[in-house]
>>> print(open('upload23.txt').read())   # compact mmCIF, C-alpha atoms
# COMPACT_ATOMS: atom_id res chain seq x y z
CA MET Y 1 0.00 0.00 0.00
CA SER Y 2 1.33 3.46 -0.88
CA LEU Y 3 1.30 6.14 1.79
CA VAL Y 4 -1.47 8.18 0.17
CA ALA Y 5 -4.73 9.15 1.85
CA ASN Y 6 -7.87 7.69 0.29
CA SER Y 7 -10.89 9.88 -0.45
CA ARG Y 8 -14.06 8.67 1.27
CA SER Y 9 -16.92 9.97 3.34
CA THR Y 10 -15.81 10.88 6.84
CA GLU Y 11 -19.28 11.36 8.30
CA ILE Y 12 -19.55 9.27 11.44
CA PRO Y 13 -22.43 6.77 11.62
CA ALA Y 14 -24.98 7.59 14.33
CA SER Y 15 -24.33 4.36 16.24
CA LEU Y 16 -20.58 5.04 16.39
CA LEU Y 17 -21.15 8.64 17.41
CA ASP Y 18 -23.23 7.37 20.33
CA GLU Y 19 -20.35 5.14 21.40
CA LEU Y 20 -17.82 7.97 21.08
CA LEU Y 21 -20.00 10.33 23.08
CA SER Y 22 -20.60 7.70 25.74
CA ILE Y 23 -16.91 7.09 26.51
CA SER Y 24 -15.99 10.76 26.20
CA ARG Y 25 -18.74 11.87 28.59
CA TYR Y 26 -17.84 9.10 31.01
CA ALA Y 27 -14.37 10.61 31.50
CA ALA Y 28 -15.17 14.27 30.85
CA HIS Y 29 -16.22 15.43 34.29
CA ASP Y 30 -14.07 13.31 36.58
CA VAL Y 31 -10.72 14.88 37.39
CA CYS Y 32 -9.62 11.50 38.76
CA LEU Y 33 -9.91 10.03 35.24
CA VAL Y 34 -8.53 12.78 32.98
CA GLN Y 35 -7.03 16.20 33.59
CA GLY Y 36 -7.10 19.18 31.23
CA SER Y 37 -6.98 18.04 27.61
CA GLY Y 38 -5.45 14.70 28.61
CA GLY Y 39 -6.72 11.32 27.53
CA ASN Y 40 -8.41 10.44 24.26
CA THR Y 41 -11.23 8.37 22.78
CA SER Y 42 -11.89 6.73 19.43
CA VAL Y 43 -14.24 4.51 17.45
CA LYS Y 44 -13.69 2.93 14.06
CA THR Y 45 -14.96 1.05 11.04
CA VAL Y 46 -12.74 -1.03 8.77
CA ASP Y 47 -11.65 2.06 6.83
CA THR Y 48 -12.08 5.10 9.08
CA MET Y 49 -11.31 6.04 12.67
CA TRP Y 50 -12.85 8.97 14.53
CA ILE Y 51 -10.67 10.22 17.38
CA LYS Y 52 -10.72 13.12 19.84
CA ALA Y 53 -8.98 16.16 18.43
CA SER Y 54 -5.63 17.24 19.81
CA GLY Y 55 -5.74 20.02 22.40
CA LEU Y 56 -9.44 19.62 23.14
CA THR Y 57 -10.96 18.15 26.27
CA MET Y 58 -13.22 15.14 26.60
CA ALA Y 59 -16.08 17.57 27.23
CA ASP Y 60 -15.44 19.16 23.81
CA VAL Y 61 -16.42 15.92 22.06
CA GLY Y 62 -20.05 16.35 21.08
CA THR Y 63 -22.63 15.77 18.38
CA HIS Y 64 -21.22 18.60 16.28
CA GLY Y 65 -17.49 18.00 16.61
CA GLY Y 66 -14.47 17.76 18.85
CA TYR Y 67 -13.20 14.73 16.93
CA VAL Y 68 -11.31 14.09 13.69
CA ALA Y 69 -11.74 11.39 11.04
CA ILE Y 70 -8.60 9.72 9.69
CA ASP Y 71 -7.88 7.05 7.10
CA LEU Y 72 -7.47 3.94 9.27
CA GLN Y 73 -5.79 1.75 6.66
CA LEU Y 74 -3.28 4.49 5.89
CA ALA Y 75 -2.50 4.86 9.60
CA LEU Y 76 -1.96 1.11 9.93
CA GLU Y 77 0.34 1.08 6.90
CA MET Y 78 2.37 3.94 8.39
CA LEU Y 79 2.82 1.95 11.58
CA ARG Y 80 3.80 -1.14 9.60
CA VAL Y 81 6.60 0.65 7.77
CA GLY Y 82 7.50 3.07 10.58
CA ARG Y 83 6.91 6.25 8.55
CA TRP Y 84 4.30 8.19 10.53
CA ASN Y 85 3.16 11.40 8.80
CA ASN Y 86 0.64 13.68 10.53
CA ASP Y 87 0.22 15.80 7.40
CA LEU Y 88 -1.23 12.89 5.45
CA LEU Y 89 -3.72 12.07 8.20
CA SER Y 90 -4.92 15.57 9.11
CA THR Y 91 -6.67 18.05 6.83
CA LYS Y 92 -4.94 21.43 6.74
CA GLY Y 93 -6.87 24.25 8.36
CA ARG Y 94 -8.88 21.91 10.53
CA LEU Y 95 -8.39 20.27 13.90
CA ARG Y 96 -5.55 17.80 14.19
CA HIS Y 97 -6.10 14.27 15.43
CA SER Y 98 -4.79 13.25 18.84
CA MET Y 99 -1.08 12.44 18.92
CA GLU Y 100 -2.09 8.98 20.17
CA ALA Y 101 -3.87 8.07 16.92
CA GLY Y 102 -1.24 5.38 16.32
CA PHE Y 103 -2.11 3.08 19.20
CA HIS Y 104 -5.83 3.77 18.77
CA ALA Y 105 -5.55 2.52 15.16
CA LEU Y 106 -4.03 -0.76 16.33
CA LEU Y 107 -6.64 -1.63 18.94
CA GLY Y 108 -10.33 -2.53 19.08
CA HIS Y 109 -13.56 -1.05 17.81
CA VAL Y 110 -13.81 1.33 20.80
CA VAL Y 111 -10.76 2.72 22.66
CA LEU Y 112 -10.65 4.81 25.82
CA HIS Y 113 -7.34 6.23 27.11
CA THR Y 114 -7.41 7.87 30.54
CA HIS Y 115 -4.97 9.14 33.19
CA PRO Y 116 -6.70 7.69 36.28
CA VAL Y 117 -5.37 8.80 39.64
CA TYR Y 118 -5.81 5.48 41.47
CA LEU Y 119 -4.37 3.32 38.71
CA ASN Y 120 -1.60 5.82 38.04
CA ALA Y 121 -0.49 5.35 41.63
CA LEU Y 122 0.36 1.78 40.60
CA ALA Y 123 1.77 2.94 37.25
CA CYS Y 124 4.05 5.51 38.95
CA MET Y 125 5.21 3.29 41.84
CA GLU Y 126 8.38 1.26 42.04
CA GLY Y 127 7.19 -2.35 41.86
CA GLY Y 128 3.82 -1.29 40.45
CA LYS Y 129 3.99 -3.90 37.69
CA GLU Y 130 4.42 -6.73 40.17
CA ALA Y 131 1.70 -5.33 42.43
CA LEU Y 132 -0.75 -5.17 39.52
CA GLN Y 133 0.00 -8.77 38.59
CA ARG Y 134 -0.76 -9.87 42.16
CA LEU Y 135 -3.92 -7.79 42.42
CA ALA Y 136 -5.43 -8.59 39.01
CA PRO Y 137 -3.57 -11.49 37.34
CA GLY Y 138 -3.94 -11.35 33.57
CA ALA Y 139 -6.35 -8.39 33.64
CA ALA Y 140 -3.98 -5.98 31.91
CA HIS Y 141 -0.78 -5.90 29.90
CA TRP Y 142 1.97 -3.72 31.40
CA GLY Y 143 3.85 -1.31 29.16
CA ASP Y 144 7.12 0.20 30.37
CA TYR Y 145 7.40 3.96 30.04
CA CYS Y 146 7.97 5.51 26.64
CA ALA Y 147 7.08 8.92 25.25
CA PRO Y 148 3.58 9.56 23.86
CA GLY Y 149 3.08 9.43 20.11
CA LEU Y 150 4.82 7.08 17.69
CA ASN Y 151 7.03 5.46 20.34
CA LEU Y 152 3.97 4.54 22.38
CA ALA Y 153 2.16 3.23 19.29
CA LEU Y 154 5.09 0.92 18.57
CA LEU Y 155 5.05 -0.29 22.18
CA VAL Y 156 1.36 -1.16 21.79
CA ARG Y 157 2.11 -2.88 18.47
CA ASP Y 158 4.66 -5.07 20.25
CA ALA Y 159 2.15 -5.82 23.03
CA ILE Y 160 -0.39 -6.96 20.44
CA SER Y 161 2.17 -9.24 18.85
CA ARG Y 162 2.53 -11.01 22.23
CA GLN Y 163 -1.10 -10.85 23.35
CA ARG Y 164 -3.65 -10.42 20.60
CA SER Y 165 -5.93 -7.41 21.18
CA PRO Y 166 -5.31 -6.87 24.91
CA LYS Y 167 -8.38 -5.38 26.59
CA ALA Y 168 -6.28 -3.23 28.88
CA ILE Y 169 -2.75 -1.83 28.81
CA VAL Y 170 -1.38 -0.10 31.90
CA LEU Y 171 1.28 2.40 30.81
CA ALA Y 172 4.03 3.03 33.34
CA ASN Y 173 4.13 6.68 34.47
CA HIS Y 174 1.28 7.52 32.11
CA GLY Y 175 -2.15 5.92 32.32
CA LEU Y 176 -4.55 3.27 31.05
CA ILE Y 177 -5.73 2.15 27.61
CA ALA Y 178 -8.98 0.16 27.52
CA SER Y 179 -10.01 -1.48 24.25
CA GLY Y 180 -13.13 -3.41 23.29
CA ASP Y 181 -16.18 -3.80 21.08
CA THR Y 182 -18.47 -1.40 22.91
CA ALA Y 183 -18.42 1.69 25.08
CA ALA Y 184 -19.88 -0.31 27.95
CA GLU Y 185 -17.01 -2.81 27.73
CA VAL Y 186 -14.18 -0.27 27.88
CA ILE Y 187 -15.90 1.67 30.67
CA ALA Y 188 -16.27 -1.54 32.68
CA THR Y 189 -12.59 -2.36 32.16
CA THR Y 190 -11.56 1.12 33.30
CA ASP Y 191 -13.82 0.95 36.35
CA TYR Y 192 -12.56 -2.49 37.34
CA LEU Y 193 -8.85 -1.66 37.21
CA ASN Y 194 -9.38 1.61 39.06
CA TYR Y 195 -11.38 -0.24 41.72
CA ILE Y 196 -8.55 -2.75 42.16
CA ALA Y 197 -6.04 0.09 42.62
CA GLN Y 198 -8.35 1.96 44.97
CA GLN Y 199 -8.75 -1.12 47.16
CA PHE Y 200 -4.97 -1.51 47.27
CA PHE Y 201 -4.14 2.09 48.22
CA GLY Y 202 -7.28 3.09 50.08
CA GLU Y 203 -9.62 5.93 49.22
CA ILE Y 204 -8.67 9.56 48.82
CA PRO Y 205 -10.41 11.53 51.62
CA GLU Y 206 -13.67 12.81 50.18
CA HIS Y 207 -13.16 16.41 51.25
CA ARG Y 208 -9.93 16.71 49.25
CA LEU Y 209 -11.86 16.21 46.01
CA GLN Y 210 -14.60 18.69 46.83
CA VAL Y 211 -14.77 21.88 44.79
CA ARG Y 212 -15.43 25.00 46.83
CA PRO Y 213 -15.62 28.74 46.13
CA PRO Y 214 -12.39 30.66 46.75
CA ALA Y 215 -11.89 32.46 50.04
CA ALA Y 216 -12.66 36.18 50.01
CA PRO Y 217 -8.99 37.19 50.62
CA VAL Y 218 -7.91 35.22 47.54
CA VAL Y 219 -10.59 36.84 45.37
CA SER Y 220 -9.54 40.27 46.63
CA TRP Y 221 -5.83 39.56 46.04
CA ILE Y 222 -6.50 38.40 42.46
CA ALA Y 223 -8.49 41.59 41.78
CA ASP Y 224 -5.64 43.67 43.15
CA LEU Y 225 -3.09 41.75 41.05
CA THR Y 226 -5.16 42.27 37.90
CA THR Y 227 -5.26 46.01 38.59
CA ALA Y 228 -1.53 46.07 39.29
CA LEU Y 229 -0.79 44.24 36.03
CA ASP Y 230 -2.78 46.81 34.08
CA ARG Y 231 -0.81 49.59 35.79
CA TYR Y 232 2.74 48.27 35.85
CA LEU Y 233 2.82 45.65 33.08
CA PRO Y 234 0.07 46.68 30.62
CA GLU Y 235 1.53 44.49 27.87
CA THR Y 236 1.10 41.40 30.04
CA ARG Y 237 -2.08 39.43 29.44
CA ARG Y 238 -2.71 36.58 31.86
CA THR Y 239 -5.63 34.58 33.16
CA ILE Y 240 -5.52 34.37 36.95
CA LEU Y 241 -7.65 31.72 38.64
CA PRO Y 242 -7.95 30.60 42.27
CA ALA Y 243 -7.52 26.92 43.15
CA ARG Y 244 -10.83 25.06 43.04
CA TRP Y 245 -10.24 21.94 45.14
CA HIS Y 246 -9.99 21.56 48.90
CA ALA Y 247 -6.79 19.60 48.28
CA PHE Y 248 -5.06 22.97 47.78
CA ASP Y 249 -6.19 24.43 51.08
CA ASP Y 250 -2.96 23.40 52.80
CA ALA Y 251 -0.09 24.75 50.73
CA ASP Y 252 2.40 22.70 52.75
CA ARG Y 253 1.06 19.56 51.07
CA LEU Y 254 1.74 20.70 47.52
CA CYS Y 255 4.13 18.50 45.58
CA PHE Y 256 6.31 21.18 44.07
CA ASP Y 257 9.55 19.33 44.69
CA GLY Y 258 10.89 16.43 42.70
CA ARG Y 259 10.70 15.58 39.02
CA PRO Y 260 7.36 15.06 37.23
CA ILE Y 261 5.83 11.59 37.34
CA PHE Y 262 3.72 11.58 34.16
CA PRO Y 263 3.85 13.36 30.76
CA ASP Y 264 1.05 15.89 31.21
CA GLN Y 265 2.67 17.12 34.41
CA VAL Y 266 5.61 18.17 32.20
CA VAL Y 267 3.41 19.67 29.48
CA TRP Y 268 1.41 21.82 31.92
CA ALA Y 269 4.18 22.62 34.39
CA PRO Y 270 4.52 26.24 35.56
CA GLU Y 271 7.64 28.20 34.73
CA GLN Y 272 7.88 29.15 38.39
CA VAL Y 273 6.25 28.53 41.76
CA LEU Y 274 6.22 31.87 43.58
CA TYR Y 275 5.58 32.40 47.28
CA VAL Y 276 3.84 35.59 48.36
CA PRO Y 277 4.25 36.78 52.00
CA ALA Y 278 1.03 37.35 53.90
CA ASP Y 279 1.82 41.01 54.57
CA CYS Y 280 2.62 41.83 50.94
CA SER Y 281 0.00 43.49 48.73
CA ALA Y 282 -0.40 42.39 45.12
CA ALA Y 283 0.97 45.73 43.86
CA GLU Y 284 4.01 45.63 46.13
CA TRP Y 285 4.73 42.04 45.23
CA LEU Y 286 4.46 42.65 41.48
CA LYS Y 287 6.71 45.72 41.64
CA SER Y 288 9.36 43.68 43.45
CA LEU Y 289 9.06 40.92 40.84
CA HIS Y 290 9.35 43.25 37.80
CA SER Y 291 7.59 40.66 35.61
CA LEU Y 292 5.16 37.78 35.80
CA PRO Y 293 5.99 34.46 34.11
CA GLN Y 294 3.57 33.34 31.43
CA ARG Y 295 2.71 30.32 33.55
CA SER Y 296 3.13 30.35 37.30
CA ILE Y 297 1.66 29.11 40.55
CA LEU Y 298 1.34 31.64 43.33
CA VAL Y 299 1.23 30.37 46.90
CA LEU Y 300 -0.30 33.09 49.05
CA GLU Y 301 0.90 32.59 52.61
CA ARG Y 302 -1.97 31.61 54.95
CA CYS Y 303 -4.40 32.45 52.19
CA GLY Y 304 -4.55 30.10 49.20
CA VAL Y 305 -3.15 29.07 45.83
CA VAL Y 306 -3.52 30.86 42.49
CA PHE Y 307 -2.80 29.62 38.96
CA VAL Y 308 -1.63 31.98 36.21
CA GLY Y 309 -1.67 31.03 32.53
CA GLU Y 310 -2.18 32.27 28.97
CA SER Y 311 -5.85 31.27 29.10
CA ALA Y 312 -8.42 29.79 31.45
CA ARG Y 313 -7.88 26.39 29.84
CA VAL Y 314 -4.15 26.54 30.49
CA ALA Y 315 -4.60 27.62 34.12
CA GLU Y 316 -7.18 24.87 34.68
CA ALA Y 317 -4.93 22.25 33.06
CA MET Y 318 -2.06 23.33 35.30
CA GLU Y 319 -4.25 22.94 38.37
CA GLU Y 320 -5.79 19.62 37.39
CA ASN Y 321 -2.46 18.01 36.57
CA LEU Y 322 -0.86 19.29 39.77
CA LEU Y 323 -3.86 17.95 41.69
CA ALA Y 324 -3.47 14.53 40.05
CA ALA Y 325 0.27 14.47 40.80
CA MET Y 326 -0.36 15.42 44.43
CA LEU Y 327 -2.96 12.69 44.88
CA VAL Y 328 -0.86 10.03 43.11
CA ARG Y 329 2.11 10.82 45.34
CA GLU Y 330 -0.07 10.71 48.46
CA LEU Y 331 -1.46 7.30 47.49
CA ILE Y 332 1.98 5.87 46.71
CA ALA Y 333 3.30 7.11 50.06
CA ARG Y 334 0.88 4.67 51.73
CA ARG Y 335 2.41 1.65 49.96
CA GLY Y 336 5.78 2.31 48.40
CA VAL Y 337 8.12 4.66 46.56
CA VAL Y 338 7.42 7.01 43.65
CA ARG Y 339 9.13 6.39 40.31
CA GLU Y 340 9.76 9.75 38.64
CA LEU Y 341 10.42 10.50 34.98
CA SER Y 342 14.10 10.77 34.13
CA PRO Y 343 15.64 14.14 33.16
CA ALA Y 344 16.01 12.83 29.59
CA ASP Y 345 12.30 11.89 29.49
CA VAL Y 346 11.35 15.35 30.76
CA ASP Y 347 13.52 17.13 28.18
CA PHE Y 348 12.10 15.01 25.36
CA LEU Y 349 8.51 15.85 26.36
CA ARG Y 350 9.27 19.57 26.60
CA ASN Y 351 10.51 19.58 23.01
CA MET Y 352 7.79 17.47 21.37
CA GLU Y 353 6.11 19.42 18.56
CA SER Y 354 2.80 17.66 19.11
CA GLU Y 355 2.78 18.74 22.75
CA LYS Y 356 3.52 22.34 21.76
CA TYR Y 357 0.58 22.18 19.34
CA ARG Y 358 -1.71 20.91 22.10
CA GLN Y 359 -0.64 23.76 24.37
CA ALA Y 360 -1.19 26.30 21.60
CA ILE Y 361 -4.77 25.10 21.13
CA ALA Y 362 -5.42 25.41 24.87
CA SER Y 363 -3.88 28.90 24.83
CA GLY Y 364 -6.37 29.99 22.19
CA GLY Y 365 -4.11 29.72 19.17
CA GLN Y 366 -4.22 27.38 16.20
CA GLY Y 367 -0.88 25.74 16.86
CA GLY Y 368 1.31 24.73 13.97
CA ARG Y 369 3.36 21.97 12.46
>>> encode(input="upload23.txt", output="C-alpha cells")
Amino acid sequence: MSLVANSRSTEIPASLLDELLSISRYAAHDVCLVQGSGGNTSVKTVDTMWIKASGLTMADVGTHGGYVAIDLQLALEMLRVGRWNNDLLSTKGRLRHSMEAGFHALLGHVVLHTHPVYLNALACMEGGKEALQRLAPGAAHWGDYCAPGLNLALLVRDAISRQRSPKAIVLANHGLIASGDTAAEVIATTDYLNYIAQQFFGEIPEHRLQVRPPAAPVVSWIADLTTALDRYLPETRRTILPARWHAFDDADRLCFDGRPIFPDQVVWAPEQVLYVPADCSAAEWLKSLHSLPQRSILVLERCGVVFVGESARVAEAMEENLLAAMLVRELIARRGVVRELSPADVDFLRNMESEKYRQAIASGGQGGR
C-alpha cells in the first residue's frame, strides 16, 4: 500500500457517534480520570477512525465536533513501515487528530485512554507492575514507560504481537488504555482496574476532592493583582484563577519538589512557583518581581493558591495536573516509593512538537506543524 490518503466519506455513523459520546462523557467530568486536555477516545470502522482532536478536552467531544476522522488503513500502513506522517492524516486548516492516533488505530472497535489517579499510583510506583499482577492477574498488559506518540504506538504494536488485542494496557508513568467492542465494555474495564487500585491504596479523603468557592482574601488579592498588572505591566495578558479543590487548602502539602511523574505534568508545568508573603499586597509584590511568568503558581501565605496562565484552559490544566500528581504521590506514600520520569524523558517531552501544538490550542491559538 502506498502512503497516500484515500478519499471517502468521513461522516460518522450515528451508532458510532453514540459510542464515542458515551466514553468521552464518562471521562469528561471526573478529574480523577482525565485532567485538562489529557486522555483520548476513538471509534472505528474497517476504513475510518474517529478520534478526539488534539488540544481539546473530553467535554469538547459532542454531536457537532471535537473529533477528527482519519484514514485507518493508511495509519496502519504507516505503523507497519514506521513512517508516521501527521500531514497525510490531518486536513490542513482543521483540527488535528490526537497524537495517540497510532495506538488507537491498532486496537479494538472502541478505545478509551485515561490518566486515572488510582491506577496511576500503581503505574508511577516502584514495583507497580508486580503489584498489579498480584492484584489482578492477567487483567492488563503492562507497558514500560515511553514517550507519547509514535514510540507509544510501537510499544502497543509489540504488546499486540505477544497478546492479541489486549483489553487493557497499563502504561508506566502515564495511564490506562482500555479497548473493546463497545463503550460499555471499555468503561467496565476502566472501572474495574481503578477499583482494584483503589482497594490496594485506600480511598482519597472525600473532602480533598470537593470543589469549593475561593476564600474572600484570595478573590480580593486576584483583583488587586489584575489592577496592578494593568498599571505596571500593561503588555502582560494573563488569566488568573484561584484553586478550586480543597486539596489545595494546605499549601504545605503541595508537591512542588521532585521531578514530574507523568507526561502531562511536564506539558502543563509552571515556569515558576512563587511564594507571596502574607503582609505583601499584590501591587508591592508585582513591583518587586518586575515581571510575571507566562505560567506560574502563586502560593499566598496563609491564604490560598492561584494559577496563572495564557488562558483559562491553560490555568485549569495546570491545576488539574498538579492535583493529580499530588494525589498520586499521596497514594503511593501509603504503599511504596514514587518512580519519577528521568531528566532525559522530561527534556524530550518539553521539546515534542505535538505537545507544543496541544498547548497552543489550549492557549487559544491554532498551533502549527
>>> closest_residue(input="upload23.txt", among="Y:Asn120, Y:Leu225, Y:Pro148, Y:Pro293", to="Met352 in chain Y", atoms="only C-alpha atoms")
Y:Pro148
>>> residues_near_point(input="upload23.txt", point="(-2.2, 4.5, 7.6)", cutoff="9 Å", atoms="all atoms listed in the file", output="PDB file with C-alpha atoms, in the frame of the given file")
ATOM      1  CA  LEU Y   3       1.300   6.140   1.790  1.00  0.00           C
ATOM      2  CA  VAL Y   4      -1.470   8.180   0.170  1.00  0.00           C
ATOM      3  CA  ALA Y   5      -4.730   9.150   1.850  1.00  0.00           C
ATOM      4  CA  ILE Y  70      -8.600   9.720   9.690  1.00  0.00           C
ATOM      5  CA  ASP Y  71      -7.880   7.050   7.100  1.00  0.00           C
ATOM      6  CA  LEU Y  72      -7.470   3.940   9.270  1.00  0.00           C
ATOM      7  CA  GLN Y  73      -5.790   1.750   6.660  1.00  0.00           C
ATOM      8  CA  LEU Y  74      -3.280   4.490   5.890  1.00  0.00           C
ATOM      9  CA  ALA Y  75      -2.500   4.860   9.600  1.00  0.00           C
ATOM     10  CA  LEU Y  76      -1.960   1.110   9.930  1.00  0.00           C
ATOM     11  CA  GLU Y  77       0.340   1.080   6.900  1.00  0.00           C
ATOM     12  CA  MET Y  78       2.370   3.940   8.390  1.00  0.00           C
ATOM     13  CA  LEU Y  79       2.820   1.950  11.580  1.00  0.00           C
ATOM     14  CA  ARG Y  80       3.800  -1.140   9.600  1.00  0.00           C
ATOM     15  CA  TRP Y  84       4.300   8.190  10.530  1.00  0.00           C
ATOM     16  CA  ASN Y  85       3.160  11.400   8.800  1.00  0.00           C
ATOM     17  CA  LEU Y  88      -1.230  12.890   5.450  1.00  0.00           C
ATOM     18  CA  LEU Y  89      -3.720  12.070   8.200  1.00  0.00           C
ATOM     19  CA  GLY Y 102      -1.240   5.380  16.320  1.00  0.00           C
ATOM     20  CA  ALA Y 105      -5.550   2.520  15.160  1.00  0.00           C
TER      21      ALA Y 105
END
>>> residues_near_point(input="upload23.txt", point="(-10.1, -3.0, 35.4)", cutoff="10 Å", atoms="all atoms listed in the file", output="mmCIF file with C-alpha atoms, keeping the file's coordinate frame")
data_model
loop_
_atom_site.group_PDB
_atom_site.id
_atom_site.type_symbol
_atom_site.label_atom_id
_atom_site.label_comp_id
_atom_site.auth_asym_id
_atom_site.auth_seq_id
_atom_site.Cartn_x
_atom_site.Cartn_y
_atom_site.Cartn_z
ATOM 1 C CA LEU Y 119 -4.370 3.320 38.710
ATOM 2 C CA ALA Y 136 -5.430 -8.590 39.010
ATOM 3 C CA ALA Y 139 -6.350 -8.390 33.640
ATOM 4 C CA ALA Y 140 -3.980 -5.980 31.910
ATOM 5 C CA LYS Y 167 -8.380 -5.380 26.590
ATOM 6 C CA ALA Y 168 -6.280 -3.230 28.880
ATOM 7 C CA ILE Y 169 -2.750 -1.830 28.810
ATOM 8 C CA VAL Y 170 -1.380 -0.100 31.900
ATOM 9 C CA LEU Y 176 -4.550 3.270 31.050
ATOM 10 C CA ALA Y 178 -8.980 0.160 27.520
ATOM 11 C CA VAL Y 186 -14.180 -0.270 27.880
ATOM 12 C CA ILE Y 187 -15.900 1.670 30.670
ATOM 13 C CA ALA Y 188 -16.270 -1.540 32.680
ATOM 14 C CA THR Y 189 -12.590 -2.360 32.160
ATOM 15 C CA THR Y 190 -11.560 1.120 33.300
ATOM 16 C CA ASP Y 191 -13.820 0.950 36.350
ATOM 17 C CA TYR Y 192 -12.560 -2.490 37.340
ATOM 18 C CA LEU Y 193 -8.850 -1.660 37.210
ATOM 19 C CA ASN Y 194 -9.380 1.610 39.060
ATOM 20 C CA TYR Y 195 -11.380 -0.240 41.720
ATOM 21 C CA ILE Y 196 -8.550 -2.750 42.160
ATOM 22 C CA ALA Y 197 -6.040 0.090 42.620
#
>>> residues_around(input="upload23.txt", residues="range 56-65 of chain Y", least_positions_apart="4", cutoff="7 Å", atoms="only C-alpha atoms", output="ChimeraX atom specification")
/Y:21,24-25,27-28,36-38,52
>>> residues_around(input="upload23.txt", residues="Pro234 in chain Y", least_positions_apart="4", cutoff="12 Å", atoms="all atoms listed in the file", output="PyMOL selection string")
chain Y and resi 225-230+238+291-292
